[in-house]
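Right, one structure below, let's go through it.
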Amino acid sequence: MAANDNFDLILRRYQEIGARLTEGVAGAEYSALSRELSDLDPVVGAIKAFRDKEKERADLATLLADPTLDAEMRAMATDELSAAESDAEEMAKAIRIALLPKDAADEGDAILEVRAGTGGDEAALFAGDLFRVYAKYAASKRWTVEVLSMSEGTAGGYKEIVAQISGRGVFARLKFESGVHRVQRVPATETQGRIHTSAATVAVLPLAEEADLVINEADLKIDTMRSSGAGGQHVNKTESAIRITHIPTGLVVAMQEERSQHRNRAKAMALLRSRILDARNQKLEAERAEERRSQVGSGDRSQRIRTYNFPQGRVTDHRVNLTLYSLDRIMEGEGLDEIVDALTAERQAELLAQQGAA
């Protein structure tokens with residue numbers, strides 16, 4: 001089907017949705033149609049602008065075909081035609097990108113897991129720094145962050161911290177963060193001024209809803225226990241902490257942040273669903289990555305994806321060979337968009353290339 005035919009279908013669908021909303025629909029249908037209309041808005045605008053540019057290009061071509069056109073006007077029209085052709089090409093590419101198939105989870109919430117890797121206390125401190133980067137980035141996007149579980153490092157930071165980040169488009173912006181993050185810096189405890197290298201791993205999982213995965217209760221082993229850590233008399237008296245083992249996969253989730261066992265169980269089940277679905281997606285992604293030889297979005301959690309070099313004030317993302325000398329801004333959550341945009345553009349280029357080869 002030609003591109004213009006596709007554009008006609010999109011414009012027709014846009015009009016149909018508008019008409020349905022005008023007629024008056026309610027409930028789930030209203031929400032679904034409103035979201036679809038919102039998603040189509042920028043695409044429809046881009047298609048209309050592209051067609052205006054195409055008309056401009058055709059008018060200029062007609063003008064240049066006139067043998068009576070004087071030399072000055074011909075030169076001017078030639079320049080304008082060249083610019084119009086370049087603009088039209090960029091517009092068409094932007095529309096193709098907007099129409100690329102999207103990850104179904106892109107618009108939804110995500111589970112963020114940050115764990116200290118190699119490097120002892122310094123790795124735990126770096127894991128804490130990374131989590132603060134994401135928390136600040138989330139705040140800048142007006143997303144909400146809810147810590148689900150944490151294990152603090154002996155010198156600060158975290159051995160592990162798990163949080164749910166909620167808001168529109170969370171997974172789309174954070175999904176490329178999965179992998180090994182390496183840091184090179186002089187630890188606060190280093191007396192000789194030597195640079196140490198340590199690492200933390202990040203995993204970003206799309207939040208799974210109950211409808212996404214039905215878990216058989218018979219496949220679960222559930223243990224309850226008293227919460228550990230701060231909490232006074234409550235800790236000593238109430239068995240509110242919960243540990244759930246999914247027997248078929250061996251996945252284990254423990255939760256004790258809430259005083260209510262019921263709430264801990266609900267959070268643990270949400271995290272367990274997300275991890276089971278993520279494990280399945282990782283397997284599929286690994287198979288696809290083998291075929292397409294893609295680095296961006298391959299989901300390989302053992303892959304070193306980024307290095308933070310404090311003495312030089314630089315951050316390097318190894319997947320797109322991007323180096324930025326704005327470490328301070330990135331650690332404040334302010335410069336992360338530049339990296340995310342580069343990774344997204346690389347992924348879009350890959351998908352466009354696949355479409356061209358199809």
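In the structure tokens, chains take the letters A, B, ... in the order shown, each chain's residues start at 1, and ligands count up from 1 in the order shown.
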
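Once Ser149 in chain A and its same-chain neighbours fewer than 2 positions away are set aside, Val147, Ser151, Glu160, Ile161, Val162, Ala163, Ala254, Met255, Gln256 and Glu257 of chain A remain within 9 Å of it when counting only C-alpha atoms.
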
**Request:** Write out as a PyMOL selection string each polymer residue whose atoms come within 7 Å of Leu272 in chain A, counting only C-alpha atoms; drop sequence neighbours fewer than 4 positions from it.
**Result:** chain A and resi 253+268+276

Once you have the residues from the selection above, write them out as a CSV table (one decimal), in the first residue's frame, restricted to N, CA and C atoms.
chain,number,residue,atom,x,y,z
A,253,VAL,N,10.2,-13.1,45.7
A,253,VAL,CA,10.0,-11.7,46.0
A,253,VAL,C,9.6,-11.5,47.5
A,268,ALA,N,4.0,-7.4,46.5
A,268,ALA,CA,4.8,-8.5,46.2
A,268,ALA,C,4.3,-9.2,44.9
A,276,ILE,N,8.1,-12.1,36.2
A,276,ILE,CA,7.8,-13.2,35.4
A,276,ILE,C,7.7,-12.8,33.9

**Message:** According to DSSP computed on the backbone, where in range 11-189 of chain A is there helix (DSSP H, G or I)? Give the residues as a PyMOL selection string.
**Reply:** chain A and resi 11-23+27-64+71-98+120-140+170-177

**Close residues, Ala200 in chain A itself excluded, 8 Å, only C-alpha atoms, min 3 positions apart in chain, as a PyMOL selection string** = chain A and resi 114-118+123-124+126-127+180-182

**Message:** Counting only C-alpha atoms, which residue out of A:Phe50, A:Tyr14, A:Tyr134, A:Tyr325 sits closest to Gln164 in chain A?
**Reply:**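 Among A:Phe50, A:Tyr14, A:Tyr134, A:Tyr325, it is A:Tyr134 that comes nearest to Gln164 in chain A.
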
**Request:** Run DSSP on the backbone of this structure and report the residues of range 60-238 of chain A it assigns to strand (DSSP E), as a PyMOL selection string.
**Result:** chain A and resi 110-116+144-152+158-166+179-185+196-206+220-225
